[in-house]
2 protein chains.
Amino acid sequence: MTNVKIVEVGARDGLQNEKTPLSVDDKLALITGLMAANLVYIEVGSCVSPKWVPQMAGSTKVFSKLPKQSKTQLSLLTPNLRGLQDALAVGCKDVAVFTAATDSFTQHNINCTIDESLARFADIIALAKDHDVRVRGYVSCMVDCPYEGAVSPSQVAHVARRLYDLGCDEISLGETIGTATPNRVKLAWQACLDELDKHVLAGHFHNTYGMAIANVYASLEQGIRIFDSSVSGLGGCPYAKGASGNVATEDLHYLLTGMGFQTGIDIDQLMKVSQMISKKLNRDNGSLFTKARLAQCTSA
Amino acid sequence: MTNVKIVEVGARDGLQNEKTPLSVDDKLALITGLMAANLVYIEVGSCVSPKWVPQMAGSTKVFSKLPKQSKTQLSLLTPNLRGLQDALAVGCKDVAVFTAATDSFTQHNINCTIDESLARFADIIALAKDHDVRVRGYVSCMVDCPYEGAVSPSQVAHVARRLYDLGCDEISLGETIGTATPNRVKLAWQACLDELDKHVLAGHFHNTYGMAIANVYASLEQGIRIFDSSVSGLGGCPYAKGASGNVATEDLHYLLTGMGFQTGIDIDQLMKVSQMISKKLNRDNGSLFTKARLAQCTSA
């Protein structure tokens, strides 16, 4: 039995792709619920202007109101120095920056080239290190880009390597538009594993086309042991509105425990959170695991 | 590029687990739509008393009204001699019988032991062979049984082998309750591949817990090249009412073509059938592929 690290990104990547913005109190209920389910790594929100991402308004307020406990790592996304300063001001010790494997994607998403994004990160990471803050780097488009199509594995590995060399402690590769099949995910990992140790690499899979669990499985076969997920499969795909979001944390937990890995998650508590947030957002629960379990309970 | 054979079971395994029974005309519209999407192997229905399975009423009528074309194999499920005679009477050249890997399941499902079910099949298969009719054998519970829990791979392989020895041309192993993870599916295949050639084995996966595509992927890695699926992920799980059904044909097609296999399917036509049948049954479309593609079309 070995452990797999799950990074719960529902409160950030999930919510920022949901139509309905949540209040600070609703976000607190979501995240304290996730903590009660024994999730250890939780992304709380994003230090970005609410003009750009209204769903992320109040993220530092949410962070400051959350109970701090030594077993839990609460993180904030910090796209720029101002964002990092806001995160530092509320005592955040884990932050994340994000770029992509193609210039077209960074231009559309953060209005700069990959090189320019990395130049910004140098300052952010330096300040973070001064404050003993851990930095995670996201790379979008690990297999496909919505603007350029297929992305070469070597390009993905190159950007991941540069983030590592800049001082990122962990690099999360995002299968952003959910179009990848497991064979192509494996090629991306092979290139990255030539450059970096598997322990600094995380897989972030979207379930847009229903491939996410298979892509996680293929990643496990390659030795990857860190995965991002969202309770209830929160979120969506800005390139296919109405489509599924991140791989659901419950489904990921089911795959992992079925394969003999340990996650530490209290799955009954997590299903409660899953149902609560789905109702709050007035959306269908995106976890097939949770739906099947609830169906069993009502059909005996 | 190699081909994978897809057996479309939506009109049988799908519909028999849907609440809403369809008329003969609705079934004809479904199946001719599937034929127009270039599906070659289509299960039309089941020759079983409508007292037992009301959704399958009129199956031979549907069969007799369908256009016959040399490129398409239309099959009927024939649980007993009477059923086979009904199938022969409408000129059916492909039939299927079904048993399971556990006695508890066959007792609940077909009211006999595994041995008793195989004894019945001997007569059915003999009569079928007299008429040059091809016989497929289903084995439920390839990994888990709803009554007995985990099923030993050797027991699954043993039943599959016996069906083959009785004269079945193809054996479809059913992951009936959708609880298996890919590692356990692999163990079942390993045992079966010790007994039988991969070309006579088919995988039939339910998506109850969201594992179906990963289980197909693991099966492909083991060399399996025949899979059952239902357009729009029709069906459900009698052991978890409201849960997802068979792996969706569209999602299976997406996985396969992404991996370089050919299916021959006209995916645009298949999506039309998928939307049509989901509306008719007043259910959410169970194919994430179709949902994502339709979302793209409406969000540009």
# chains A, B, ... in the order shown; residues from 1 in each chain; ligands from 1
$ interface_residues --of "chain B" --to "chain A" --cutoff "9 Å" --atoms "only C-alpha atoms" --output "PyMOL selection string"
chain B and resi 179-184+207-218+237+239-244+251+254-256+258-259+287-300
$ residues_around --residues "Gln262 of chain B" --least-positions-apart "5" --cutoff "9 Å" --atoms "only C-alpha atoms" --output "PyMOL selection string"
chain B and resi 1-5+253+256-257
$ residues_around --residues "Asp144 of chain B" --least-positions-apart "2" --cutoff "10 Å" --atoms "only C-alpha atoms" --output "PyMOL selection string"
chain B and resi 101-102+140-142+146-152+174-180+184-185
$ residues_around --residues "Gly137 of chain A" --least-positions-apart "2" --cutoff "8 Å" --atoms "only C-alpha atoms" --output "list in words"
Ala96, Val97, Phe98, Thr99, Val135, Val139, Leu163, Cys168, Asp169, Glu170, Ile171 and Ser172 of chain A
$ write_last_selection --atoms "N, CA, C and O atoms" --output "mmCIF file, in the first residue's frame"
data_model
loop_
_atom_site.group_PDB
_atom_site.id
_atom_site.type_symbol
_atom_site.label_atom_id
_atom_site.label_comp_id
_atom_site.auth_asym_id
_atom_site.auth_seq_id
_atom_site.Cartn_x
_atom_site.Cartn_y
_atom_site.Cartn_z
ATOM 1 N N ALA A 96 0.494 29.098 -5.900
ATOM 2 C CA ALA A 96 0.663 28.471 -7.214
ATOM 3 C C ALA A 96 0.677 29.538 -8.310
ATOM 4 O O ALA A 96 0.010 30.578 -8.190
ATOM 5 N N VAL A 97 1.465 29.264 -9.335
ATOM 6 C CA VAL A 97 1.517 30.122 -10.524
ATOM 7 C C VAL A 97 1.117 29.272 -11.730
ATOM 8 O O VAL A 97 1.173 28.049 -11.666
ATOM 9 N N PHE A 98 0.706 29.942 -12.802
ATOM 10 C CA PHE A 98 0.299 29.119 -13.942
ATOM 11 C C PHE A 98 0.719 29.694 -15.284
ATOM 12 O O PHE A 98 0.648 30.881 -15.528
ATOM 13 N N THR A 99 1.188 28.759 -16.128
ATOM 14 C CA THR A 99 1.528 29.085 -17.503
ATOM 15 C C THR A 99 0.998 27.931 -18.374
ATOM 16 O O THR A 99 0.128 27.181 -17.929
ATOM 17 N N VAL A 135 5.941 26.818 -3.691
ATOM 18 C CA VAL A 135 5.332 27.262 -4.952
ATOM 19 C C VAL A 135 5.048 26.068 -5.862
ATOM 20 O O VAL A 135 5.929 25.253 -6.132
ATOM 21 N N VAL A 139 1.079 23.882 -15.634
ATOM 22 C CA VAL A 139 1.306 23.984 -17.081
ATOM 23 C C VAL A 139 0.040 23.481 -17.780
ATOM 24 O O VAL A 139 -0.280 22.293 -17.730
ATOM 25 N N LEU A 163 10.040 25.607 -15.151
ATOM 26 C CA LEU A 163 9.376 25.957 -13.892
ATOM 27 C C LEU A 163 10.135 25.372 -12.704
ATOM 28 O O LEU A 163 10.306 26.020 -11.670
ATOM 29 N N CYS A 168 10.070 26.090 -8.635
ATOM 30 C CA CYS A 168 8.785 25.463 -8.275
ATOM 31 C C CYS A 168 9.044 24.121 -7.587
ATOM 32 O O CYS A 168 9.897 23.344 -8.021
ATOM 33 N N ASP A 169 8.301 23.873 -6.523
ATOM 34 C CA ASP A 169 8.482 22.635 -5.764
ATOM 35 C C ASP A 169 7.706 21.483 -6.389
ATOM 36 O O ASP A 169 8.051 20.322 -6.184
ATOM 37 N N GLU A 170 6.649 21.821 -7.097
ATOM 38 C CA GLU A 170 5.807 20.795 -7.707
ATOM 39 C C GLU A 170 5.259 21.372 -9.006
ATOM 40 O O GLU A 170 4.925 22.555 -9.067
ATOM 41 N N ILE A 171 5.179 20.529 -10.035
ATOM 42 C CA ILE A 171 4.672 20.982 -11.332
ATOM 43 C C ILE A 171 3.437 20.164 -11.659
ATOM 44 O O ILE A 171 3.508 18.933 -11.763
ATOM 45 N N SER A 172 2.292 20.840 -11.838
ATOM 46 C CA SER A 172 1.059 20.149 -12.194
ATOM 47 C C SER A 172 0.772 20.350 -13.671
ATOM 48 O O SER A 172 0.629 21.479 -14.139
#
$ residues_around --residues "Ile124 of chain A" --least-positions-apart "4" --cutoff "12 Å" --atoms "only C-alpha atoms" --output "number ranges by chain"
A: 77-85, 87-88, 95-98, 117-120, 128-131, 133-137, 163, 166-168
$ write_last_selection --atoms "N, CA, C and O atoms" --output "short mmCIF file (atom, residue, chain, number, x, y, z; two decimals), in the first residue's frame"
data_model
loop_
_atom_site.label_atom_id
_atom_site.label_comp_id
_atom_site.auth_asym_id
_atom_site.auth_seq_id
_atom_site.Cartn_x
_atom_site.Cartn_y
_atom_site.Cartn_z
N LEU A 77 -3.84 30.61 -5.51
CA LEU A 77 -3.23 30.88 -6.81
C LEU A 77 -2.81 32.35 -6.83
O LEU A 77 -3.59 33.23 -6.46
N THR A 78 -1.56 32.59 -7.26
CA THR A 78 -1.04 33.97 -7.25
C THR A 78 -0.44 34.29 -8.60
O THR A 78 0.76 34.08 -8.83
N PRO A 79 -1.24 34.85 -9.51
CA PRO A 79 -0.77 35.06 -10.89
C PRO A 79 0.26 36.18 -11.02
O PRO A 79 0.93 36.25 -12.05
N ASN A 80 0.40 37.03 -9.99
CA ASN A 80 1.37 38.13 -10.10
C ASN A 80 1.87 38.53 -8.70
O ASN A 80 1.41 37.97 -7.69
N LEU A 81 2.80 39.47 -8.66
CA LEU A 81 3.40 39.86 -7.38
C LEU A 81 2.34 40.41 -6.42
O LEU A 81 2.37 40.12 -5.22
N ARG A 82 1.45 41.20 -6.95
CA ARG A 82 0.37 41.76 -6.13
C ARG A 82 -0.43 40.62 -5.48
O ARG A 82 -0.74 40.66 -4.29
N GLY A 83 -0.73 39.60 -6.27
CA GLY A 83 -1.46 38.46 -5.76
C GLY A 83 -0.68 37.76 -4.65
O GLY A 83 -1.23 37.37 -3.61
N LEU A 84 0.63 37.61 -4.87
CA LEU A 84 1.45 36.96 -3.84
C LEU A 84 1.46 37.78 -2.56
O LEU A 84 1.37 37.22 -1.46
N GLN A 85 1.57 39.09 -2.71
CA GLN A 85 1.57 39.95 -1.52
C GLN A 85 0.26 39.81 -0.75
O GLN A 85 0.26 39.73 0.49
N ALA A 87 -1.57 37.14 -0.70
CA ALA A 87 -1.53 35.81 -0.08
C ALA A 87 -0.65 35.82 1.16
O ALA A 87 -1.00 35.25 2.20
N LEU A 88 0.51 36.49 1.06
CA LEU A 88 1.42 36.58 2.21
C LEU A 88 0.74 37.31 3.37
O LEU A 88 0.91 36.95 4.54
N VAL A 95 1.56 28.63 -2.46
CA VAL A 95 0.94 29.37 -3.56
C VAL A 95 1.19 28.63 -4.87
O VAL A 95 1.96 27.67 -4.92
N ALA A 96 0.49 29.10 -5.90
CA ALA A 96 0.66 28.47 -7.21
C ALA A 96 0.68 29.54 -8.31
O ALA A 96 0.01 30.58 -8.19
N VAL A 97 1.47 29.26 -9.34
CA VAL A 97 1.52 30.12 -10.52
C VAL A 97 1.12 29.27 -11.73
O VAL A 97 1.17 28.05 -11.67
N PHE A 98 0.71 29.94 -12.80
CA PHE A 98 0.30 29.12 -13.94
C PHE A 98 0.72 29.69 -15.28
O PHE A 98 0.65 30.88 -15.53
N SER A 117 5.69 34.94 -19.16
CA SER A 117 5.09 34.43 -17.93
C SER A 117 6.17 33.91 -16.98
O SER A 117 6.12 34.17 -15.77
N LEU A 118 7.18 33.25 -17.54
CA LEU A 118 8.25 32.71 -16.68
C LEU A 118 9.07 33.83 -16.07
O LEU A 118 9.53 33.74 -14.93
N ALA A 119 9.25 34.91 -16.83
CA ALA A 119 9.99 36.05 -16.29
C ALA A 119 9.27 36.64 -15.08
O ALA A 119 9.88 36.96 -14.05
N ARG A 120 7.94 36.73 -15.17
CA ARG A 120 7.14 37.18 -14.01
C ARG A 120 7.32 36.25 -12.82
O ARG A 120 7.42 36.68 -11.68
N ALA A 128 8.46 34.57 -2.75
CA ALA A 128 7.86 33.45 -2.01
C ALA A 128 8.93 32.73 -1.19
O ALA A 128 8.73 32.44 0.00
N LYS A 129 10.07 32.46 -1.82
CA LYS A 129 11.15 31.73 -1.12
C LYS A 129 11.66 32.53 0.07
O LYS A 129 12.01 31.96 1.12
N ASP A 130 11.70 33.86 -0.08
CA ASP A 130 12.11 34.72 1.04
C ASP A 130 11.21 34.51 2.25
O ASP A 130 11.61 34.73 3.39
N HIS A 131 9.98 34.11 1.99
CA HIS A 131 9.00 33.92 3.09
C HIS A 131 8.74 32.44 3.36
O HIS A 131 7.73 32.09 3.96
N VAL A 133 7.73 30.16 1.48
CA VAL A 133 6.45 29.75 0.91
C VAL A 133 6.71 28.78 -0.24
O VAL A 133 7.58 29.02 -1.08
N ARG A 134 5.96 27.69 -0.24
CA ARG A 134 6.09 26.66 -1.25
C ARG A 134 5.36 27.10 -2.52
O ARG A 134 4.27 27.68 -2.44
N VAL A 135 5.94 26.82 -3.69
CA VAL A 135 5.33 27.26 -4.95
C VAL A 135 5.05 26.07 -5.86
O VAL A 135 5.93 25.25 -6.13
N ARG A 136 3.82 26.01 -6.31
CA ARG A 136 3.41 25.00 -7.29
C ARG A 136 3.29 25.68 -8.65
O ARG A 136 2.78 26.81 -8.74
N GLY A 137 3.71 25.02 -9.70
CA GLY A 137 3.57 25.59 -11.04
C GLY A 137 2.61 24.76 -11.87
O GLY A 137 2.71 23.53 -11.91
N LEU A 163 10.04 25.61 -15.15
CA LEU A 163 9.38 25.96 -13.89
C LEU A 163 10.13 25.37 -12.70
O LEU A 163 10.31 26.02 -11.67
N LEU A 166 13.23 27.29 -12.06
CA LEU A 166 12.93 28.59 -11.45
C LEU A 166 12.66 28.46 -9.96
O LEU A 166 12.60 29.47 -9.25
N GLY A 167 12.45 27.24 -9.48
CA GLY A 167 12.24 27.04 -8.04
C GLY A 167 10.89 26.47 -7.66
O GLY A 167 10.58 26.37 -6.46
N CYS A 168 10.07 26.09 -8.63
CA CYS A 168 8.79 25.46 -8.28
C CYS A 168 9.04 24.12 -7.59
O CYS A 168 9.90 23.34 -8.02
#
$ calpha_fit_and_write --fixed "chain B" --moving "chain A" --output "short mmCIF file (atom, residue, chain, number, x, y, z; two decimals) with C-alpha atoms, in the first residue's frame"
data_model
loop_
_atom_site.label_atom_id
_atom_site.label_comp_id
_atom_site.auth_asym_id
_atom_site.auth_seq_id
_atom_site.Cartn_x
_atom_site.Cartn_y
_atom_site.Cartn_z
CA MET A 1 -4.15 0.91 -37.61
CA THR A 2 -6.09 -2.14 -36.53
CA ASN A 3 -9.80 -2.57 -36.19
CA VAL A 4 -11.77 -3.00 -33.03
CA LYS A 5 -15.17 -4.70 -33.18
CA ILE A 6 -17.95 -2.85 -31.37
CA VAL A 7 -21.14 -4.71 -30.50
CA GLU A 8 -23.95 -2.18 -30.01
CA VAL A 9 -26.15 -3.47 -27.20
CA GLY A 10 -28.19 -0.31 -26.54
CA ALA A 11 -31.40 -1.71 -28.01
CA ARG A 12 -31.18 -4.75 -25.73
CA ASP A 13 -29.04 -4.34 -22.59
CA GLY A 14 -29.62 -0.60 -22.65
CA LEU A 15 -33.37 -0.52 -23.14
CA GLN A 16 -34.10 -3.43 -20.81
CA ASN A 17 -32.68 -1.33 -17.98
CA GLU A 18 -34.61 1.81 -18.90
CA LYS A 19 -37.90 2.57 -17.17
CA THR A 20 -39.68 3.75 -20.31
CA PRO A 21 -40.69 0.93 -22.69
CA LEU A 22 -40.39 1.86 -26.36
CA SER A 23 -42.84 0.99 -29.14
CA VAL A 24 -41.83 -1.20 -32.07
CA ASP A 25 -41.64 1.92 -34.26
CA ASP A 26 -39.39 3.72 -31.80
CA LYS A 27 -37.07 0.71 -31.65
CA LEU A 28 -36.99 0.58 -35.44
CA ALA A 29 -36.02 4.25 -35.55
CA LEU A 30 -33.25 3.60 -33.01
CA ILE A 31 -31.80 0.59 -34.81
CA THR A 32 -32.03 1.93 -38.35
CA GLY A 33 -30.29 5.04 -37.00
CA LEU A 34 -27.51 2.86 -35.60
CA MET A 35 -27.22 1.09 -38.95
CA ALA A 36 -26.93 4.46 -40.70
CA ALA A 37 -24.06 5.28 -38.32
CA ASN A 38 -22.29 2.19 -39.73
CA LEU A 39 -22.59 0.06 -36.64
CA VAL A 40 -22.12 -3.48 -37.92
CA TYR A 41 -22.95 -5.65 -34.89
CA ILE A 42 -26.28 -4.72 -33.35
CA GLU A 43 -28.24 -6.57 -30.69
CA VAL A 44 -31.88 -5.99 -31.61
CA GLY A 45 -33.65 -7.35 -28.56
CA SER A 46 -34.43 -10.39 -26.48
CA CYS A 47 -36.72 -13.36 -27.16
CA VAL A 48 -38.01 -13.45 -23.61
CA SER A 49 -41.53 -13.30 -22.25
CA PRO A 50 -42.75 -9.69 -21.97
CA LYS A 51 -44.08 -10.74 -18.58
CA TRP A 52 -40.45 -10.97 -17.42
CA VAL A 53 -38.98 -8.07 -19.35
CA PRO A 54 -41.68 -5.72 -20.67
CA GLN A 55 -39.09 -3.49 -22.36
CA MET A 56 -38.18 -6.36 -24.72
CA ALA A 57 -41.74 -6.93 -26.00
CA GLY A 58 -41.93 -7.12 -29.79
CA SER A 59 -38.24 -7.91 -30.31
CA THR A 60 -38.86 -10.46 -33.11
CA LYS A 61 -41.31 -8.04 -34.74
CA VAL A 62 -38.62 -5.35 -34.68
CA PHE A 63 -36.14 -7.83 -36.12
CA SER A 64 -38.42 -8.87 -38.97
CA LYS A 65 -39.14 -5.26 -39.96
CA LEU A 66 -35.50 -4.19 -40.08
CA PRO A 67 -33.84 -3.91 -43.51
CA LYS A 68 -31.41 -6.81 -43.98
CA GLN A 69 -28.03 -5.89 -45.42
CA SER A 70 -25.02 -8.11 -45.82
CA LYS A 71 -22.67 -5.77 -43.94
CA THR A 72 -24.78 -5.76 -40.76
CA GLN A 73 -25.16 -8.57 -38.21
CA LEU A 74 -28.40 -8.24 -36.26
CA SER A 75 -28.68 -10.51 -33.24
CA LEU A 76 -31.27 -11.58 -30.67
CA LEU A 77 -30.83 -12.82 -27.13
CA THR A 78 -32.33 -16.31 -26.79
CA PRO A 79 -32.46 -17.49 -23.17
CA ASN A 80 -34.18 -20.80 -24.02
CA LEU A 81 -35.17 -23.12 -26.87
CA ARG A 82 -38.49 -21.37 -27.33
CA GLY A 83 -36.63 -18.08 -27.70
CA LEU A 84 -34.28 -19.60 -30.27
CA GLN A 85 -37.21 -20.98 -32.25
CA ASP A 86 -38.76 -17.50 -32.30
CA ALA A 87 -35.45 -16.06 -33.51
CA LEU A 88 -35.09 -18.73 -36.22
CA ALA A 89 -38.65 -18.05 -37.36
CA VAL A 90 -37.72 -14.46 -38.29
CA GLY A 91 -34.51 -15.53 -40.03
CA CYS A 92 -32.05 -14.45 -37.34
CA LYS A 93 -28.51 -15.77 -37.94
CA ASP A 94 -26.88 -14.48 -34.73
CA VAL A 95 -28.11 -15.26 -31.24
CA ALA A 96 -26.80 -14.96 -27.71
CA VAL A 97 -27.19 -16.88 -24.46
CA PHE A 98 -26.30 -15.70 -21.00
CA THR A 99 -25.02 -17.11 -17.76
CA ALA A 100 -22.78 -15.80 -15.00
CA ALA A 101 -19.62 -16.60 -13.10
CA THR A 102 -21.47 -17.21 -9.81
CA ASP A 103 -24.36 -19.48 -8.87
CA SER A 104 -25.93 -16.76 -6.73
CA PHE A 105 -26.21 -14.51 -9.75
CA THR A 106 -27.67 -17.14 -12.09
CA GLN A 107 -30.12 -18.20 -9.36
CA HIS A 108 -31.37 -14.64 -8.98
CA ASN A 109 -31.25 -13.81 -12.68
CA ILE A 110 -32.30 -16.97 -14.52
CA ASN A 111 -33.44 -19.15 -11.65
CA CYS A 112 -30.90 -21.96 -12.02
CA THR A 113 -27.29 -22.83 -11.25
CA ILE A 114 -24.43 -22.22 -13.68
CA ASP A 115 -24.38 -25.94 -14.49
CA GLU A 116 -28.10 -25.97 -15.20
CA SER A 117 -27.77 -22.92 -17.44
CA LEU A 118 -24.99 -24.60 -19.43
CA ALA A 119 -27.06 -27.76 -19.78
CA ARG A 120 -29.84 -25.66 -21.36
CA PHE A 121 -27.33 -24.02 -23.68
CA ALA A 122 -26.20 -27.40 -25.04
CA ASP A 123 -29.64 -27.89 -26.64
CA ILE A 124 -29.87 -24.27 -27.77
CA ILE A 125 -26.41 -24.30 -29.34
CA ALA A 126 -27.02 -27.65 -31.05
CA LEU A 127 -30.20 -26.36 -32.69
CA ALA A 128 -28.50 -23.08 -33.61
CA LYS A 129 -25.60 -24.92 -35.27
CA ASP A 130 -28.08 -27.02 -37.24
CA HIS A 131 -29.29 -23.75 -38.75
CA ASP A 132 -25.81 -22.23 -39.25
CA VAL A 133 -26.57 -19.67 -36.59
CA ARG A 134 -23.71 -18.02 -34.73
CA VAL A 135 -23.91 -18.08 -30.91
CA ARG A 136 -22.49 -15.54 -28.51
CA GLY A 137 -22.22 -16.38 -24.81
CA TYR A 138 -22.45 -13.79 -22.06
CA VAL A 139 -20.85 -14.28 -18.66
CA SER A 140 -22.02 -11.80 -16.03
CA CYS A 141 -19.96 -10.84 -12.96
CA MET A 142 -16.49 -10.98 -14.52
CA VAL A 143 -15.03 -9.21 -11.47
CA ASP A 144 -17.70 -8.66 -8.82
CA CYS A 145 -21.08 -10.26 -8.07
CA PRO A 146 -23.82 -8.26 -6.33
CA TYR A 147 -24.48 -11.27 -4.06
CA GLU A 148 -21.04 -12.83 -3.54
CA GLY A 149 -18.65 -9.89 -3.91
CA ALA A 150 -15.29 -10.51 -5.58
CA VAL A 151 -15.24 -13.37 -8.11
CA SER A 152 -12.05 -15.33 -8.65
CA PRO A 153 -10.51 -14.88 -12.11
CA SER A 154 -10.15 -18.64 -12.46
CA GLN A 155 -13.90 -19.12 -11.96
CA VAL A 156 -14.63 -16.55 -14.68
CA ALA A 157 -12.17 -18.23 -17.03
CA HIS A 158 -13.66 -21.64 -16.24
CA VAL A 159 -17.19 -20.58 -17.21
CA ALA A 160 -15.93 -18.79 -20.32
CA ARG A 161 -14.05 -21.93 -21.35
CA ARG A 162 -17.10 -24.10 -20.85
CA LEU A 163 -19.19 -21.83 -23.06
CA TYR A 164 -16.52 -22.04 -25.74
CA ASP A 165 -16.37 -25.81 -25.48
CA LEU A 166 -20.15 -25.94 -25.83
CA GLY A 167 -19.79 -24.20 -29.20
CA CYS A 168 -20.08 -20.47 -28.50
CA ASP A 169 -18.28 -18.50 -31.19
CA GLU A 170 -17.65 -15.48 -28.99
CA ILE A 171 -17.70 -15.00 -25.21
CA SER A 172 -18.59 -11.58 -23.79
CA LEU A 173 -17.52 -11.02 -20.20
CA GLY A 174 -19.79 -8.60 -18.40
CA GLU A 175 -18.56 -6.25 -15.69
CA THR A 176 -22.15 -6.23 -14.59
CA ILE A 177 -22.25 -3.90 -11.61
CA GLY A 178 -19.52 -1.50 -12.72
CA THR A 179 -17.50 -1.78 -9.52
CA ALA A 180 -14.26 -3.10 -11.05
CA THR A 181 -11.08 -1.07 -11.32
CA PRO A 182 -8.67 -1.72 -14.22
CA ASN A 183 -6.16 -3.73 -12.17
CA ARG A 184 -8.86 -6.27 -11.31
CA VAL A 185 -10.15 -6.38 -14.89
CA LYS A 186 -6.63 -7.27 -16.01
CA LEU A 187 -6.50 -10.23 -13.63
CA ALA A 188 -9.77 -11.56 -15.06
CA TRP A 189 -8.45 -11.26 -18.61
CA GLN A 190 -5.16 -12.92 -17.71
CA ALA A 191 -7.04 -15.98 -16.46
CA CYS A 192 -9.28 -16.05 -19.54
CA LEU A 193 -6.39 -15.60 -21.96
CA ASP A 194 -4.75 -18.66 -20.43
CA GLU A 195 -7.80 -20.61 -21.63
CA LEU A 196 -8.98 -18.89 -24.79
CA ASP A 197 -7.74 -16.92 -27.77
CA LYS A 198 -8.21 -13.16 -27.48
CA HIS A 199 -10.22 -13.11 -30.71
CA VAL A 200 -13.14 -14.96 -29.12
CA LEU A 201 -13.27 -12.69 -26.06
CA ALA A 202 -15.29 -9.48 -25.70
CA GLY A 203 -15.43 -6.93 -22.87
CA HIS A 204 -18.77 -5.59 -21.66
CA PHE A 205 -18.32 -2.73 -19.20
CA HIS A 206 -20.87 -0.78 -17.20
CA ASN A 207 -20.07 2.76 -16.17
CA THR A 208 -21.84 2.68 -12.79
CA TYR A 209 -18.81 4.01 -10.90
CA GLY A 210 -17.23 5.87 -13.81
CA MET A 211 -14.56 3.21 -14.44
CA ALA A 212 -15.74 1.85 -17.82
CA ILE A 213 -13.38 3.71 -20.15
CA ALA A 214 -10.40 2.94 -17.92
CA ASN A 215 -11.47 -0.71 -17.90
CA VAL A 216 -11.67 -0.74 -21.69
CA TYR A 217 -8.22 0.81 -21.85
CA ALA A 218 -6.80 -1.86 -19.53
CA SER A 219 -8.49 -4.52 -21.69
CA LEU A 220 -6.94 -3.08 -24.84
CA GLU A 221 -3.56 -3.33 -23.14
CA GLN A 222 -4.28 -7.03 -22.58
CA GLY A 223 -5.02 -7.49 -26.29
CA ILE A 224 -8.84 -7.56 -26.18
CA ARG A 225 -10.29 -6.20 -29.43
CA ILE A 226 -14.07 -6.67 -29.07
CA PHE A 227 -16.22 -4.39 -26.85
CA ASP A 228 -19.91 -4.02 -26.15
CA SER A 229 -21.43 -0.55 -25.71
CA SER A 230 -24.70 1.36 -25.82
CA VAL A 231 -25.38 4.53 -27.76
CA SER A 232 -25.78 7.43 -25.31
CA GLY A 233 -24.75 5.11 -22.46
CA LEU A 234 -28.27 3.70 -22.33
CA GLY A 235 -29.31 1.49 -19.49
CA GLY A 236 -28.58 1.44 -15.82
CA CYS A 237 -27.79 -0.93 -13.05
CA PRO A 238 -30.59 -2.93 -11.45
CA TYR A 239 -28.50 -2.96 -8.27
CA ALA A 240 -28.23 0.85 -8.14
CA LYS A 241 -31.33 2.40 -9.69
CA GLY A 242 -30.61 5.76 -11.28
CA ALA A 243 -26.94 4.94 -11.87
CA SER A 244 -25.18 5.08 -15.26
CA GLY A 245 -25.56 2.31 -17.81
CA ASN A 246 -23.26 0.70 -20.34
CA VAL A 247 -20.17 2.48 -21.55
CA ALA A 248 -21.39 4.92 -24.21
CA THR A 249 -20.61 3.92 -27.80
CA GLU A 250 -19.54 7.48 -28.59
CA ASP A 251 -17.05 7.59 -25.68
CA LEU A 252 -15.71 4.16 -26.65
CA HIS A 253 -15.29 5.34 -30.25
CA TYR A 254 -13.44 8.44 -29.00
CA LEU A 255 -11.02 6.39 -26.89
CA LEU A 256 -10.39 3.92 -29.70
CA THR A 257 -9.82 6.42 -32.49
CA GLY A 258 -7.62 8.51 -30.18
CA MET A 259 -5.48 5.41 -29.75
CA GLY A 260 -5.23 4.78 -33.47
CA PHE A 261 -7.86 2.07 -33.82
CA GLN A 262 -10.55 2.19 -36.46
CA THR A 263 -14.22 1.65 -35.68
CA GLY A 264 -15.90 2.49 -39.00
CA ILE A 265 -18.49 4.56 -37.12
CA ASP A 266 -20.01 7.74 -38.57
CA ILE A 267 -19.79 9.69 -35.32
CA ASP A 268 -21.94 12.65 -36.43
CA GLN A 269 -24.78 10.31 -37.33
CA LEU A 270 -24.30 8.38 -34.09
CA MET A 271 -24.57 11.60 -32.05
CA LYS A 272 -27.90 12.32 -33.77
CA VAL A 273 -29.19 8.91 -32.74
CA SER A 274 -27.82 9.49 -29.25
CA GLN A 275 -29.70 12.76 -28.84
CA MET A 276 -32.88 11.34 -30.38
CA ILE A 277 -33.02 8.34 -28.02
CA SER A 278 -32.12 10.39 -24.94
CA LYS A 279 -35.01 12.74 -25.68
CA LYS A 280 -37.36 9.86 -26.33
CA LEU A 281 -36.48 8.29 -22.99
CA ASN A 282 -36.48 11.69 -21.29
CA ARG A 283 -33.05 11.07 -19.81
CA ASP A 284 -29.78 12.92 -19.63
CA ASN A 285 -27.42 11.89 -22.42
CA GLY A 286 -24.98 9.39 -20.86
CA SER A 287 -22.17 10.11 -23.31
CA LEU A 288 -19.75 12.80 -22.13
CA PHE A 289 -18.31 12.89 -25.64
CA THR A 290 -21.68 13.79 -27.15
CA LYS A 291 -22.38 16.34 -24.43
CA ALA A 292 -19.01 18.04 -24.95
CA ARG A 293 -19.39 18.13 -28.72
CA LEU A 294 -22.88 19.54 -28.54
CA ALA A 295 -21.70 22.12 -25.98
CA GLN A 296 -18.98 23.26 -28.39
CA CYS A 297 -21.52 23.66 -31.19
CA THR A 298 -23.71 25.92 -29.07
CA SER A 299 -20.97 27.97 -27.40
CA ALA A 300 -18.81 29.19 -30.27
#
$ select_by_dssp --residues "segment 152-209 of chain B" --states "helix (DSSP H, G or I)" --output "ChimeraX atom specification"
/B:153-166,182-195,198-200
